[in-house]
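Structure first, then comments.
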Amino acid sequence: MAPAPELLPYAKIREDLFRPLSGAGSSYWLTMLAALAVVLAGAYAWSYQLRFGMGVTGLQRPVFWGFYIVDFVFWIGISHAGTLISAILRLTEAAWRKPITRAAEAITVFALMIGGLFPIIHLGRAWYFYWLIPYPNDRLIWPNFRSPLVWDLTAIITYITGSVIYLYLPLIPDMAQLAEHNTPWRRKLYRILSLGWTGSDREWHALERAMKLMAGIILAVAVSVHTVVAWDFAMTIAPGWHSTIFGPYFVAGAIFSGIAALIIVMALIRKVLKLELYLTDHHFNNLSKLLLMMSLLWLYFTMAEHLTVWYGNEPEEMTVFNAKTRSAYAPLFWGMVGLNFVVPFVLLGIRRLRTIQTAAFSSVCVLIGMWLERYLIAVPTLTNPRLTSATSSYFPSWVEITITAATFAGMVMLYLIFAKIFPIIAVWEFKPHVAEEE
Amino acid sequence: MYLIGEFRETRAAAAAIQKLRAGGIGPGDLDLFSEEPVALPRGLLDRPSHMSLVSVLGAIALGSLATLFVRYAQNDYKLVTGGMPIFSFWATGVITYEMTMLGAIVATFIWFLWESGLVRKRDQRAPVPRVAPGSMCLRVRCAADWADRANEIMKGSGAVHIERRADA
C-alpha cells in the first residue's frame, strides 16, 4: 500500500511536485495545439458575430437567451469547484484537502474568466460593454441598480477578485521556493510574485490568518454569486423561472458541477503529471462521496421544483412543464436526470464500483447533465412564453456552438499553462520535518 | 548582533524560544524561518494581529460607500416619479452586500501584505537565513554581551548548527 503523501520524505515531495514545471512532453504540446485550434475557431466565430451582428446566432424573438446564457450559468457554476470546496475543506481542517485545494482554486479563477466573457459576447456590440456599468453619465441613461444583470456584474467582480487573491496567497511560499531553482525567466517571475517572502513566522502567521479569513468571506461570496445568477431568472415573472427555491437550487447545482469538474481535472493531472502518490484513491473516494451527496441534493431540489409546478397545475407553468417532461425537451430532461442522478447513484453509490475511473466517468456525465439542466431552465421558458401566439423554437447556430466549444478548449489551455508555471499541489501544506519523517 | 540557530525539530525550537524569552529576549527580537508553518505552543511566539478588525472596517467602508454611490447616482437624474422614492435599500441590497464583501477581501489582502512585512521596508542589517528543506532557523537579535548565553541556550535546546552574524 502506498504511504500517505504527508509521510513521504520532504525532498521527494518537493521534487515530485516541482518536476511537472520543467519540460513538456509531446502529448502536452499536442493537447495544447488542439485546444488552441478550437480556441482560435471560437475567436473567429466571435469575430464573425461582431462583423455581421447577432443575426448569425439562433437567437430570435422571443428566445433572446440561448447558448450564451446557458454557458454563462454553467461556467459560473463550475467556478464553485474551487473556492467553495477549498474553503469548506480549509475551514473544517480536513487533512485530505491538501493536494486538492490549489487545483480547485485554479478551476474557479479560469471558470470565472470564461463565464464572465459570455454576457459580453451576448451583448452583440461587445465594445459598448461599459454601458452596463451604472454610473452617472452624460448619455441620459438612468443607472438602474435594480437590474439583476447589474447585480451579476458586482457579484462576479467581487468573486473573481476574491478567487484570484485566494489562489495567490498560498502560492506565495511555493513561488519563494521556486525562485531559487529554475530558469532565469522563471526566477524573475517567481521573485516578483513571491514579494520577497522569507518564510519567517510573522509571514506564516499573517498568511494563515488571511487564508482563514478569506475562506470565510469567499464562502459567503460564492453562495451569493450563484444566488444572484439564479435571480437573473427568478426575478422575472416567467413560467418556470419565478421560483423562490431558485437561489439554493442553483447554488446546489453549482457545487455539484464544481465537484464534478474538480474530479475530472484531478484525474487528468494525476495521470498526465504522474502524481499518483499525491492524488490517491482516498481523495477520489472522498470526492466521490461528496458528488453522490450533491447528486441526491440536486434530485431533491429538482423534484421539489417540478412537483410544486405540477401540483399547482397553472396553465402557463404546465405548458413549460409539459414541454420539458413530455414533448420537445423530454429526451433532454430525462437524459439530464439519468446523467445527474442515475449514473452517479449506481457507480458511486455501490462501493465496489467506486473507483477513480468511475468517479471520472460519473463526473463527465454530471457535467453534461448540468449543462443540459441550465439549457432546460433557460430555453423552454422562452420558447413557451405566457403569450401562446408567441411560441417559438430555438436552435443554436454554428457560431454559438463553436464559441461554446472554444470555452471548453480555453479551460483546458489555461489549465495546461497554469500547471506548467505553478505547482498544481501546494508543497508547503504538507508540513513534514526531518525528525517527524524519521 | 544576530545569531541563527538551525533546528530539525519543532520541540527543540520551541524550547529554545521559551528559554530565550525567559532570559529576557523579547518576541520582536526572535524570528523563526521555515519552509512551512510551524505550530508553536500558544503564548510562545504570538504575533498580535488586527487583520479581522481591518477586514470588518474595510467591509463597512466599501459597503457604505457603494450604497451612497447608488443613492447619489440614482437621484442625480431629475426623473418625475410622482413622489415615489427612486432609491430602495431592498433593491440595492445585493450591491451593498457584494461591495461589503469586496471591501473585506481587499482590506484583508492589503493588511496581509502589511502585517507580513512583505511590502514594508525591511531592516537591511537583519540576515535572512537559507532554510534547508525540512528544518527551521531561529534568528535571535541580541546585544553582543548576550550572544554567548543565547548560543548556549540554542545549543542546549538542540540546535544542530549555530551561526553568528554581526550587524551589517
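Every chain in the C-alpha cells has a letter given in the order shown (A, B, ...), and although residue numbers restart at 1 in each chain, ligands are simply numbered from 1 in the order shown.
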
Report as a PDB file with N, CA and C atoms, in the first residue's frame the set of chain A residues whose atoms approach chain B to within 7 Å, with distances computed over only C-alpha atoms.
ATOM      1  N   TYR A  10      10.480  14.902   2.598  1.00  0.00           N
ATOM      2  CA  TYR A  10      10.162  16.238   2.092  1.00  0.00           C
ATOM      3  C   TYR A  10      10.857  16.515   0.752  1.00  0.00           C
ATOM      4  N   ALA A  11      12.114  16.043   0.661  1.00  0.00           N
ATOM      5  CA  ALA A  11      12.869  16.280  -0.582  1.00  0.00           C
ATOM      6  C   ALA A  11      12.138  15.637  -1.757  1.00  0.00           C
ATOM      7  N   TYR A 135     -23.298  54.254 -13.928  1.00  0.00           N
ATOM      8  CA  TYR A 135     -22.624  55.367 -13.279  1.00  0.00           C
ATOM      9  C   TYR A 135     -23.240  56.648 -13.839  1.00  0.00           C
ATOM     10  N   PRO A 136     -23.163  57.724 -13.076  1.00  0.00           N
ATOM     11  CA  PRO A 136     -23.733  58.971 -13.581  1.00  0.00           C
ATOM     12  C   PRO A 136     -23.076  59.307 -14.914  1.00  0.00           C
ATOM     13  N   TRP A 142     -30.565  56.440 -17.278  1.00  0.00           N
ATOM     14  CA  TRP A 142     -30.699  56.367 -15.820  1.00  0.00           C
ATOM     15  C   TRP A 142     -30.055  55.078 -15.323  1.00  0.00           C
ATOM     16  N   PRO A 143     -29.094  55.178 -14.400  1.00  0.00           N
ATOM     17  CA  PRO A 143     -28.418  53.956 -13.947  1.00  0.00           C
ATOM     18  C   PRO A 143     -29.337  53.108 -13.072  1.00  0.00           C
ATOM     19  N   PHE A 145     -29.863  50.257 -10.807  1.00  0.00           N
ATOM     20  CA  PHE A 145     -29.197  49.293  -9.933  1.00  0.00           C
ATOM     21  C   PHE A 145     -30.136  48.171  -9.511  1.00  0.00           C
ATOM     22  N   ARG A 146     -31.374  48.238  -9.950  1.00  0.00           N
ATOM     23  CA  ARG A 146     -32.325  47.185  -9.559  1.00  0.00           C
ATOM     24  C   ARG A 146     -32.285  46.010 -10.519  1.00  0.00           C
ATOM     25  N   TRP A 151     -26.522  43.344 -10.700  1.00  0.00           N
ATOM     26  CA  TRP A 151     -26.114  42.559  -9.513  1.00  0.00           C
ATOM     27  C   TRP A 151     -25.049  41.533  -9.928  1.00  0.00           C
ATOM     28  N   THR A 154     -21.591  43.125 -10.213  1.00  0.00           N
ATOM     29  CA  THR A 154     -20.910  43.368  -8.932  1.00  0.00           C
ATOM     30  C   THR A 154     -20.524  42.039  -8.272  1.00  0.00           C
ATOM     31  N   ALA A 155     -21.404  41.039  -8.380  1.00  0.00           N
ATOM     32  CA  ALA A 155     -21.123  39.750  -7.736  1.00  0.00           C
ATOM     33  C   ALA A 155     -19.902  39.092  -8.375  1.00  0.00           C
ATOM     34  N   THR A 158     -16.637  40.865  -7.485  1.00  0.00           N
ATOM     35  CA  THR A 158     -16.226  40.509  -6.121  1.00  0.00           C
ATOM     36  C   THR A 158     -15.661  39.092  -6.079  1.00  0.00           C
ATOM     37  N   GLY A 162     -11.823  38.028  -5.190  1.00  0.00           N
ATOM     38  CA  GLY A 162     -11.579  37.156  -4.039  1.00  0.00           C
ATOM     39  C   GLY A 162     -10.902  35.861  -4.450  1.00  0.00           C
ATOM     40  N   LEU A 195       7.132  38.327  -3.736  1.00  0.00           N
ATOM     41  CA  LEU A 195       7.224  39.578  -2.970  1.00  0.00           C
ATOM     42  C   LEU A 195       8.321  39.541  -1.898  1.00  0.00           C
ATOM     43  N   GLY A 196       9.356  38.756  -2.122  1.00  0.00           N
ATOM     44  CA  GLY A 196      10.453  38.689  -1.165  1.00  0.00           C
ATOM     45  C   GLY A 196      10.106  37.888   0.087  1.00  0.00           C
ATOM     46  N   TRP A 197       9.269  36.903  -0.075  1.00  0.00           N
ATOM     47  CA  TRP A 197       8.878  36.025   1.042  1.00  0.00           C
ATOM     48  C   TRP A 197      10.120  35.331   1.614  1.00  0.00           C
ATOM     49  N   GLY A 199       9.831  33.342   4.656  1.00  0.00           N
ATOM     50  CA  GLY A 199       9.407  32.178   5.443  1.00  0.00           C
ATOM     51  C   GLY A 199       9.491  32.426   6.942  1.00  0.00           C
ATOM     52  N   SER A 200       9.482  33.689   7.365  1.00  0.00           N
ATOM     53  CA  SER A 200       9.534  33.966   8.805  1.00  0.00           C
ATOM     54  C   SER A 200       8.175  33.667   9.439  1.00  0.00           C
ATOM     55  N   ASP A 201       8.205  33.476  10.758  1.00  0.00           N
ATOM     56  CA  ASP A 201       6.946  33.124  11.429  1.00  0.00           C
ATOM     57  C   ASP A 201       5.920  34.256  11.334  1.00  0.00           C
ATOM     58  N   ARG A 202       6.411  35.508  11.214  1.00  0.00           N
ATOM     59  CA  ARG A 202       5.467  36.632  11.050  1.00  0.00           C
ATOM     60  C   ARG A 202       4.694  36.473   9.742  1.00  0.00           C
ATOM     61  N   GLU A 203       5.438  36.088   8.691  1.00  0.00           N
ATOM     62  CA  GLU A 203       4.789  35.906   7.390  1.00  0.00           C
ATOM     63  C   GLU A 203       3.819  34.721   7.426  1.00  0.00           C
ATOM     64  N   TRP A 204       4.246  33.630   8.055  1.00  0.00           N
ATOM     65  CA  TRP A 204       3.359  32.470   8.127  1.00  0.00           C
ATOM     66  C   TRP A 204       2.093  32.779   8.925  1.00  0.00           C
ATOM     67  N   ALA A 206       0.689  35.686   9.361  1.00  0.00           N
ATOM     68  CA  ALA A 206      -0.177  36.567   8.557  1.00  0.00           C
ATOM     69  C   ALA A 206      -0.875  35.770   7.455  1.00  0.00           C
ATOM     70  N   LEU A 207      -0.129  34.857   6.833  1.00  0.00           N
ATOM     71  CA  LEU A 207      -0.715  34.065   5.737  1.00  0.00           C
ATOM     72  C   LEU A 207      -1.842  33.178   6.258  1.00  0.00           C
ATOM     73  N   ALA A 210      -4.836  35.281   7.135  1.00  0.00           N
ATOM     74  CA  ALA A 210      -5.502  35.782   5.920  1.00  0.00           C
ATOM     75  C   ALA A 210      -6.271  34.665   5.227  1.00  0.00           C
ATOM     76  N   MET A 214     -10.126  34.740   4.533  1.00  0.00           N
ATOM     77  CA  MET A 214     -10.558  34.690   3.135  1.00  0.00           C
ATOM     78  C   MET A 214     -11.484  33.505   2.889  1.00  0.00           C
ATOM     79  N   ILE A 217     -14.894  34.509   4.056  1.00  0.00           N
ATOM     80  CA  ILE A 217     -15.509  35.532   3.194  1.00  0.00           C
ATOM     81  C   ILE A 217     -15.912  34.930   1.854  1.00  0.00           C
ATOM     82  N   VAL A 221     -19.377  34.804  -0.373  1.00  0.00           N
ATOM     83  CA  VAL A 221     -19.454  35.391  -1.716  1.00  0.00           C
ATOM     84  C   VAL A 221     -19.908  34.333  -2.726  1.00  0.00           C
ATOM     85  N   TRP A 428       4.098  23.434   0.428  1.00  0.00           N
ATOM     86  CA  TRP A 428       4.288  23.796   1.839  1.00  0.00           C
ATOM     87  C   TRP A 428       3.189  23.249   2.744  1.00  0.00           C
ATOM     88  N   GLU A 429       2.058  22.910   2.167  1.00  0.00           N
ATOM     89  CA  GLU A 429       0.947  22.456   3.017  1.00  0.00           C
ATOM     90  C   GLU A 429       1.181  21.067   3.605  1.00  0.00           C
ATOM     91  N   LYS A 431       3.838  20.113   5.301  1.00  0.00           N
ATOM     92  CA  LYS A 431       4.427  20.350   6.618  1.00  0.00           C
ATOM     93  C   LYS A 431       5.252  19.227   7.247  1.00  0.00           C
ATOM     94  N   PRO A 432       6.028  18.462   6.549  1.00  0.00           N
ATOM     95  CA  PRO A 432       6.817  17.466   7.257  1.00  0.00           C
ATOM     96  C   PRO A 432       8.111  18.069   7.804  1.00  0.00           C
ATOM     97  N   HIS A 433       8.698  17.456   8.812  1.00  0.00           N
ATOM     98  CA  HIS A 433      10.000  17.848   9.319  1.00  0.00           C
ATOM     99  C   HIS A 433      10.880  16.622   9.326  1.00  0.00           C
ATOM    100  N   VAL A 434      12.174  16.871   9.262  1.00  0.00           N
ATOM    101  CA  VAL A 434      13.100  15.741   9.195  1.00  0.00           C
ATOM    102  C   VAL A 434      12.839  14.770  10.337  1.00  0.00           C
ATOM    103  N   ALA A 435      12.747  15.304  11.555  1.00  0.00           N
ATOM    104  CA  ALA A 435      12.568  14.435  12.715  1.00  0.00           C
ATOM    105  C   ALA A 435      11.248  13.664  12.645  1.00  0.00           C
TER     106      ALA A 435
END

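The protein and nucleic acid residues lying at most 7 Å from Gly410 (chain A) are Ala35, Val39, Ala406, Thr407, Met413 and Leu414 of chain A, with only C-alpha atoms considered and sequence neighbours fewer than 3 positions away removed.
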
For Val320 (chain A), find every residue with an atom within 12 Å (counting only C-alpha atoms), except residues of its own chain fewer than 6 positions away, and show them as a PyMOL selection string.
chain A and resi 238-241+306+309-310+313-314+326-330+333+376-386+388+391

DSSP on the backbone: what in chain B comes out helix (DSSP H, G or I), as a PyMOL selection string?
chain B and resi 10-22+27-29+51-75+89-115+144-157

Could you pull the residues within 10 Å of region 68-71 of chain A, counting only C-alpha atoms, minus those fewer than 6 positions along the same chain, as a count of residues only?
28

Could you tell me which of A:Gly23, A:Gly55, A:Pro170, A:Pro248 comes closest to Arg102 (chain A) if we count only C-alpha atoms?
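For Arg102 (chain A), the nearest of the given residues is A:Pro170.
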
Pick out the residues sitting within 9 Å of region 259-267 of chain A, and hand them over as a VMD selection string; count only C-alpha atoms, and ignore anything fewer than 2 positions along from it in its own chain.
chain A and resid 78 80 to 82 85 100 103 to 104 107 254 to 257 269 to 272 279 284 287 to 288 290 to 291 294 356 to 357 359 to 367 415

What lies within 12 Å of Gly156 (chain B) using only C-alpha atoms, ignoring chain neighbours under 6 positions off, as an NGL selection string?
:B and (5 or 7 or 12-13 or 15-17 or 19-20 or 149-150 or 162)

Saved selection, atoms kept: C-alpha atoms, as an mmCIF file, in the first residue's frame:
data_model
loop_
_atom_site.group_PDB
_atom_site.id
_atom_site.type_symbol
_atom_site.label_atom_id
_atom_site.label_comp_id
_atom_site.auth_asym_id
_atom_site.auth_seq_id
_atom_site.Cartn_x
_atom_site.Cartn_y
_atom_site.Cartn_z
ATOM 1 C CA GLY B 5 20.332 28.522 15.038
ATOM 2 C CA PHE B 7 16.747 23.177 14.304
ATOM 3 C CA ALA B 12 13.697 21.882 20.165
ATOM 4 C CA ALA B 13 12.985 25.247 18.534
ATOM 5 C CA ALA B 15 12.313 25.023 23.935
ATOM 6 C CA ALA B 16 14.967 27.464 22.709
ATOM 7 C CA ILE B 17 12.396 30.215 22.215
ATOM 8 C CA LYS B 19 14.369 29.807 27.347
ATOM 9 C CA LEU B 20 15.424 32.859 25.349
ATOM 10 C CA ARG B 149 24.328 32.939 26.507
ATOM 11 C CA ALA B 150 21.917 32.781 23.549
ATOM 12 C CA ILE B 162 24.583 27.995 15.065
#

Taking 3 positions as the minimum chain separation for residues in the same chain, which residues sit within 8 Å of Val427 (chain A) when counting only C-alpha atoms? Answer as an mmCIF file with all heavy atoms, in the first residue's frame.
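Produced file part_3.cif, reproduced below:
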data_model
loop_
_atom_site.group_PDB
_atom_site.id
_atom_site.type_symbol
_atom_site.label_atom_id
_atom_site.label_comp_id
_atom_site.auth_asym_id
_atom_site.auth_seq_id
_atom_site.Cartn_x
_atom_site.Cartn_y
_atom_site.Cartn_z
ATOM 1 N N ILE A 13 8.890 15.049 -1.919
ATOM 2 C CA ILE A 13 7.662 15.816 -2.176
ATOM 3 C C ILE A 13 7.995 17.007 -3.071
ATOM 4 O O ILE A 13 7.345 17.256 -4.083
ATOM 5 C CB ILE A 13 7.032 16.301 -0.854
ATOM 6 C CG1 ILE A 13 6.507 15.115 -0.052
ATOM 7 C CG2 ILE A 13 5.903 17.292 -1.116
ATOM 8 C CD1 ILE A 13 5.965 15.473 1.321
ATOM 9 N N ARG A 14 9.032 17.728 -2.696
ATOM 10 C CA ARG A 14 9.441 18.905 -3.486
ATOM 11 C C ARG A 14 9.769 18.508 -4.920
ATOM 12 O O ARG A 14 9.325 19.145 -5.870
ATOM 13 C CB ARG A 14 10.663 19.556 -2.853
ATOM 14 C CG ARG A 14 10.341 20.472 -1.698
ATOM 15 C CD ARG A 14 11.608 20.817 -0.970
ATOM 16 N NE ARG A 14 12.579 21.458 -1.830
ATOM 17 C CZ ARG A 14 12.907 22.735 -1.750
ATOM 18 N NH1 ARG A 14 12.329 23.500 -0.870
ATOM 19 N NH2 ARG A 14 13.802 23.260 -2.556
ATOM 20 N N LEU A 17 6.622 17.395 -6.871
ATOM 21 C CA LEU A 17 5.620 18.427 -7.157
ATOM 22 C C LEU A 17 6.183 19.572 -7.990
ATOM 23 O O LEU A 17 5.425 20.280 -8.664
ATOM 24 C CB LEU A 17 5.017 18.950 -5.847
ATOM 25 C CG LEU A 17 4.310 17.890 -5.001
ATOM 26 C CD1 LEU A 17 3.669 18.507 -3.783
ATOM 27 C CD2 LEU A 17 3.258 17.139 -5.818
ATOM 28 N N ASP A 174 5.320 28.823 -2.111
ATOM 29 C CA ASP A 174 5.853 27.910 -3.126
ATOM 30 C C ASP A 174 6.675 28.666 -4.159
ATOM 31 O O ASP A 174 7.714 28.189 -4.613
ATOM 32 C CB ASP A 174 4.708 27.166 -3.825
ATOM 33 C CG ASP A 174 4.181 26.013 -2.979
ATOM 34 O OD1 ASP A 174 4.842 25.677 -1.976
ATOM 35 O OD2 ASP A 174 3.116 25.474 -3.302
ATOM 36 N N PRO A 423 3.134 25.198 -9.302
ATOM 37 C CA PRO A 423 2.887 23.831 -8.818
ATOM 38 C C PRO A 423 1.400 23.629 -8.555
ATOM 39 O O PRO A 423 0.771 24.456 -7.889
ATOM 40 C CB PRO A 423 3.700 23.741 -7.528
ATOM 41 C CG PRO A 423 4.095 25.130 -7.188
ATOM 42 C CD PRO A 423 4.002 25.969 -8.407
ATOM 43 N N PHE A 430 2.204 20.354 3.095
ATOM 44 C CA PHE A 430 2.438 19.013 3.623
ATOM 45 C C PHE A 430 3.134 19.027 4.986
ATOM 46 O O PHE A 430 3.063 18.050 5.719
ATOM 47 C CB PHE A 430 3.234 18.181 2.613
ATOM 48 C CG PHE A 430 2.373 17.676 1.518
ATOM 49 C CD1 PHE A 430 2.309 18.323 0.300
ATOM 50 C CD2 PHE A 430 1.577 16.565 1.709
ATOM 51 C CE1 PHE A 430 1.485 17.874 -0.708
ATOM 52 C CE2 PHE A 430 0.750 16.110 0.706
ATOM 53 C CZ PHE A 430 0.702 16.763 -0.506
#

Of the listed residues A:Ala179, A:Leu33, A:Leu299, A:Ile172, that which approaches Val412 (chain A) most closely, counting only C-alpha atoms:
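The answer is A:Leu33, which sits nearest to Val412 (chain A).
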
What does the distance between CA of Phe64 (chain A) and CA of Phe246 (chain A) come to in Å, to one decimal place?
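Distance between the two atoms: 20.3 Å.
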
From the set A:Ile88, A:Val346, A:Ile156, A:Leu167, which residue has the shortest atom-to-atom contact distance to Leu219 (chain A), counting only C-alpha atoms?
A:Ile88
